[in-house]
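One structure is given here, and the rest of the page talks about it.
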Amino acid sequence: MSFSIERFRAGAVDVVALRNHANGECAEILPGLGGTVHRLVIDAGEGPEQVLDCDADREIPENPKSRGRLLFPWNDRLPAARFSFEGRTVQMTPDKGDGSRIHGLIRFARMELLGESADETGAELKLGVELDDPAKFDGWPYRLRLEVRYRLETGRLRLEFRISNPGSRNAPVALGWHPYFTLGGSIEGATLRLSGDRFVEVGADLMPSGRVPSVEGTSLDFRNGGALGKEELDVALSSGDGVARLERGGCAVELRQDPKFFRWFQLYTPPGNRSIAIEPVSGATDALNRPELGLTVLKPGEVVESWCEVVAPR
């Protein structure tokens, strides 16, 4: 069979690997750490290579840069670790030095195995987690359930999301994924192309100013392709057609997302020019307090489904 599912341990962490034996591609998932996509190897143009910059084994339990993590029930920073929704203010525990809380509540949660399969066309894993206990999830008072289907096919890793509200009252939610992309172990000399025409302006504290200006005439205009490595990025750009393409040398990889739900690409370049985080996010920073930036509100019993995928374009 061309595809299989294997299990092993990286240090103290359980890993589920979806493998394509025909060409050496693989995706490694960490169910015990919120469904993190740890490593992804696909053929980006010059044979199989690792296109996600991932934690070293010793870093995995703490995951200092949130590499590969799923961000739920909100993504990016929540100022003062606090938000208000339908007349209620919810205070959570800060986990950043500026008093904010970042990237939601499931980064260190164990996800439930819901199913798995492998055949000649692909390998897939389905995981789920439910926010059903405020004591377990830092006082979060709204019931939400996230299910994720990971499917590896030749030249493609697809993530399909199903978010539901099993509770008795409305629930706010935003969702993101935090992959760091690299080609040949670097982004030096790489170009990024995406059609987003607006960006979320932020202040020195990285919190939104309330303005969403045009990228026209700025260094954030990647509509015709722009070089990376010259400046650090930490900004949300509108999703446009939902395709972000990273190219370097003879290699290319695309992050494609459902632009109706994932309204933004969050771009972040850590020091060193080794990688760039290109994150599908449904809400920009502080969307829990700024619904206009992409907050989704689920009524009791309501479900929303969406997707994103990493593709090696042929």
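In the structure tokens, chains take letters A, B, ... by order of appearance, with residues numbered from 1 within each chain and ligands from 1 in the order shown.
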
* Extract, using only C-alpha atoms, all DNA, RNA and protein residues at most 10 Å from Leu157 of chain A, discarding same-chain residues fewer than 3 positions from it, and format them as number ranges by chain. => A: 18, 25-27, 40-42, 122-124, 150-154, 255, 308-312

* Asked: Neighbours of segment 22-24 of chain A within 10 Å (only C-alpha atoms; same-chain residues fewer than 5 positions away dropped), as a PyMOL selection string?
  -> chain A and resi 1-3+41-43+47-49+120+154-155

Next, write the just-selected residues to a file, as a JSON list (two decimals), in the first residue's frame, keeping N, CA and C atoms as the atom set.
[["chain", "number", "residue", "atom", "x", "y", "z"],
["A", 1, "MET", "N", 0.85, -1.20, 0.00],
["A", 1, "MET", "CA", 0.00, 0.00, 0.00],
["A", 1, "MET", "C", 0.88, 1.25, 0.00],
["A", 2, "SER", "N", 0.53, 2.22, -0.80],
["A", 2, "SER", "CA", 1.37, 3.41, -0.96],
["A", 2, "SER", "C", 1.45, 4.26, 0.29],
["A", 3, "PHE", "N", 0.35, 4.34, 1.05],
["A", 3, "PHE", "CA", 0.29, 5.20, 2.23],
["A", 3, "PHE", "C", 0.10, 4.34, 3.48],
["A", 41, "VAL", "N", 7.03, 16.84, 5.17],
["A", 41, "VAL", "CA", 7.99, 16.62, 4.08],
["A", 41, "VAL", "C", 7.18, 16.38, 2.81],
["A", 42, "ILE", "N", 7.34, 17.25, 1.81],
["A", 42, "ILE", "CA", 6.71, 17.04, 0.51],
["A", 42, "ILE", "C", 7.72, 17.42, -0.59],
["A", 43, "ASP", "N", 7.41, 17.02, -1.80],
["A", 43, "ASP", "CA", 8.27, 17.33, -2.94],
["A", 43, "ASP", "C", 7.91, 18.72, -3.45],
["A", 47, "GLY", "N", 12.57, 17.15, -5.22],
["A", 47, "GLY", "CA", 12.53, 15.97, -4.37],
["A", 47, "GLY", "C", 11.98, 16.30, -2.99],
["A", 48, "PRO", "N", 11.66, 15.28, -2.20],
["A", 48, "PRO", "CA", 11.07, 15.51, -0.88],
["A", 48, "PRO", "C", 11.98, 16.34, 0.02],
["A", 49, "GLU", "N", 11.40, 17.34, 0.66],
["A", 49, "GLU", "CA", 12.16, 18.14, 1.62],
["A", 49, "GLU", "C", 11.21, 18.61, 2.72],
["A", 120, "GLU", "N", -4.34, 3.41, -1.09],
["A", 120, "GLU", "CA", -3.45, 3.76, -2.19],
["A", 120, "GLU", "C", -3.50, 5.24, -2.55],
["A", 154, "THR", "N", -0.42, 12.73, -2.32],
["A", 154, "THR", "CA", 0.83, 13.07, -3.01],
["A", 154, "THR", "C", 0.90, 14.58, -3.24],
["A", 155, "GLY", "N", 1.91, 15.21, -2.67],
["A", 155, "GLY", "CA", 2.11, 16.63, -2.85],
["A", 155, "GLY", "C", 1.13, 17.52, -2.11]]

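If you look at atom CA of Glu247 of chain A and atom CA of Gly196 of chain A, they are 17.4 Å away from each other.
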
* **Contacts of Ala244 of chain A at 10 Å (only C-alpha atoms; same-chain gap of 2+ positions) as a list in words** => Leu192, Arg193, Leu194, Ser195, Gly196, Phe222, Arg223, Gly225, Ser239, Gly240, Asp241, Gly242, Leu246, Val253, Glu254, Leu255, Arg256, Gln257, Phe265, Ile278, Glu279, Pro280 and Val310 of chain A

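With only C-alpha atoms taken into account, the protein and nucleic acid residues at most 12 Å from Ser84 of chain A (excluding it and anything under 2 positions from it in its own chain) are Leu78, Pro79, Ala80, Ala81, Arg82, Glu86, Gly87, Arg88, Thr89, Val90, Gln91, Met92, Trp140, Pro141, Ala171, Pro172, Asp286, Ala287, Leu288, Asn289, Arg290 and Pro291 of chain A.
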
Would you save the residues of that selection, restricted to N, CA and C atoms, as a compact mmCIF listing (two decimals), in the first residue's frame?
# COMPACT_ATOMS: atom_id res chain seq x y z
N LEU A 78 -4.42 38.24 22.86
CA LEU A 78 -5.62 38.77 23.48
C LEU A 78 -5.15 39.76 24.55
N PRO A 79 -5.31 41.07 24.32
CA PRO A 79 -4.75 42.06 25.25
C PRO A 79 -5.33 41.92 26.65
N ALA A 80 -4.44 42.02 27.64
CA ALA A 80 -4.80 41.90 29.05
C ALA A 80 -5.48 40.57 29.37
N ALA A 81 -5.38 39.60 28.44
CA ALA A 81 -6.00 38.27 28.62
C ALA A 81 -7.49 38.38 28.94
N ARG A 82 -8.14 39.35 28.30
CA ARG A 82 -9.53 39.66 28.68
C ARG A 82 -10.34 40.00 27.43
N GLU A 86 -21.31 39.73 24.58
CA GLU A 86 -22.73 39.78 24.94
C GLU A 86 -22.93 40.19 26.39
N GLY A 87 -22.21 41.25 26.78
CA GLY A 87 -22.39 41.84 28.10
C GLY A 87 -21.62 41.17 29.23
N ARG A 88 -20.83 40.17 28.91
CA ARG A 88 -20.06 39.46 29.93
C ARG A 88 -18.57 39.65 29.67
N THR A 89 -17.81 39.97 30.70
CA THR A 89 -16.36 40.09 30.59
C THR A 89 -15.71 38.83 31.14
N VAL A 90 -14.80 38.28 30.37
CA VAL A 90 -14.10 37.05 30.75
C VAL A 90 -12.62 37.38 30.94
N GLN A 91 -12.10 37.07 32.12
CA GLN A 91 -10.69 37.30 32.43
C GLN A 91 -9.97 35.97 32.50
N MET A 92 -8.91 35.83 31.71
CA MET A 92 -8.09 34.63 31.76
C MET A 92 -6.69 34.97 32.26
N TRP A 140 -12.59 29.57 30.51
CA TRP A 140 -13.38 29.76 29.28
C TRP A 140 -14.80 29.23 29.50
N PRO A 141 -15.82 30.09 29.41
CA PRO A 141 -17.17 29.68 29.85
C PRO A 141 -18.09 29.17 28.75
N ALA A 171 -21.64 31.28 21.42
CA ALA A 171 -20.22 31.14 21.76
C ALA A 171 -19.37 31.86 20.72
N PRO A 172 -18.41 32.70 21.16
CA PRO A 172 -17.50 33.36 20.22
C PRO A 172 -16.33 32.44 19.89
N ASP A 286 -7.00 40.13 18.46
CA ASP A 286 -8.04 40.75 19.31
C ASP A 286 -9.42 40.69 18.69
N ALA A 287 -9.68 39.71 17.83
CA ALA A 287 -11.01 39.59 17.23
C ALA A 287 -12.09 39.31 18.27
N LEU A 288 -11.73 38.72 19.42
CA LEU A 288 -12.74 38.49 20.46
C LEU A 288 -13.33 39.81 20.96
N ASN A 289 -12.52 40.87 20.93
CA ASN A 289 -12.99 42.19 21.34
C ASN A 289 -13.37 43.08 20.16
N ARG A 290 -12.93 42.68 18.96
CA ARG A 290 -13.18 43.47 17.75
C ARG A 290 -13.83 42.57 16.71
N PRO A 291 -15.13 42.35 16.80
CA PRO A 291 -15.80 41.41 15.90
C PRO A 291 -15.59 41.71 14.42

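Here atom CA of Gln50 of chain A is placed at a distance of 9.0 Å from atom CA of Phe181 of chain A.
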
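In this structure, atom CA of Ala252 of chain A sits 16.4 Å away from atom CA of Gly229 of chain A.
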
* To do: DSSP on the backbone, then: every residue of segment 68-228 of chain A marked strand (DSSP E), written as an MDAnalysis selection string.
  => chainID A and resid 69:71 77:78 82:85 88:91 101:102 112:118 123:131 144:153 156:164 171:173 176:178 180:181 191:194 226:227

Near segment 270-273 of chain A, 12 Å: segment 163-200 of chain A residue rows, closest pairs, only C-alpha atoms, as a tab-separated table:
residue	atom	partner	partner_atom	distance
A:Tyr180	CA	A:Pro270	CA	9.5
A:Phe181	CA	A:Asn273	CA	10.8
A:Thr182	CA	A:Asn273	CA	9.1
A:Leu183	CA	A:Asn273	CA	10.9
A:Gly184	CA	A:Asn273	CA	11.6
A:Gly185	CA	A:Asn273	CA	9.2
A:Ser186	CA	A:Asn273	CA	6.0
A:Ile187	CA	A:Asn273	CA	5.5
A:Glu188	CA	A:Asn273	CA	5.8
A:Gly189	CA	A:Asn273	CA	9.4
A:Ala190	CA	A:Asn273	CA	9.8

Excluding Phe72 of chain A and its own-chain neighbours fewer than 2 positions away, which residues fall within 7 Å of it when counting only C-alpha atoms? Please give them as a PDB file with N, CA and C atoms, in the first residue's frame.
ATOM      1  N   LEU A  70      -2.297  24.397  16.463  1.00  0.00           N
ATOM      2  CA  LEU A  70      -3.651  24.863  16.179  1.00  0.00           C
ATOM      3  C   LEU A  70      -4.033  25.891  17.236  1.00  0.00           C
ATOM      4  N   TRP A  74      -9.245  31.131  19.996  1.00  0.00           N
ATOM      5  CA  TRP A  74      -8.852  32.374  19.338  1.00  0.00           C
ATOM      6  C   TRP A  74      -7.399  32.230  18.922  1.00  0.00           C
ATOM      7  N   ASN A  75      -6.964  33.113  18.033  1.00  0.00           N
ATOM      8  CA  ASN A  75      -5.576  33.095  17.574  1.00  0.00           C
ATOM      9  C   ASN A  75      -4.924  34.435  17.891  1.00  0.00           C
ATOM     10  N   HIS A 103      -2.767  32.778  21.496  1.00  0.00           N
ATOM     11  CA  HIS A 103      -2.966  31.555  20.720  1.00  0.00           C
ATOM     12  C   HIS A 103      -3.924  30.542  21.348  1.00  0.00           C
ATOM     13  N   GLY A 104      -4.876  30.987  22.142  1.00  0.00           N
ATOM     14  CA  GLY A 104      -5.953  30.103  22.552  1.00  0.00           C
ATOM     15  C   GLY A 104      -5.626  29.157  23.686  1.00  0.00           C
ATOM     16  N   LEU A 105      -6.355  28.028  23.721  1.00  0.00           N
ATOM     17  CA  LEU A 105      -6.364  27.187  24.920  1.00  0.00           C
ATOM     18  C   LEU A 105      -6.041  25.722  24.675  1.00  0.00           C
ATOM     19  N   ILE A 106      -5.779  25.310  23.432  1.00  0.00           N
ATOM     20  CA  ILE A 106      -5.599  23.868  23.207  1.00  0.00           C
ATOM     21  C   ILE A 106      -4.173  23.492  22.843  1.00  0.00           C
ATOM     22  N   ALA A 174     -12.594  32.112  17.163  1.00  0.00           N
ATOM     23  CA  ALA A 174     -11.715  32.327  16.018  1.00  0.00           C
ATOM     24  C   ALA A 174     -10.753  31.141  15.983  1.00  0.00           C
ATOM     25  N   LEU A 175     -10.252  30.831  14.807  1.00  0.00           N
ATOM     26  CA  LEU A 175      -9.422  29.642  14.622  1.00  0.00           C
ATOM     27  C   LEU A 175      -8.206  29.997  13.778  1.00  0.00           C
ATOM     28  N   GLY A 176      -7.075  29.394  14.107  1.00  0.00           N
ATOM     29  CA  GLY A 176      -5.885  29.584  13.296  1.00  0.00           C
ATOM     30  C   GLY A 176      -4.983  28.364  13.325  1.00  0.00           C
TER      31      GLY A 176
END

* Asked: Which one is closest to Ser164 of chain A: A:Lys260, A:Arg145, A:Lys65, A:Arg7? Count only C-alpha atoms.
  -> A:Arg145
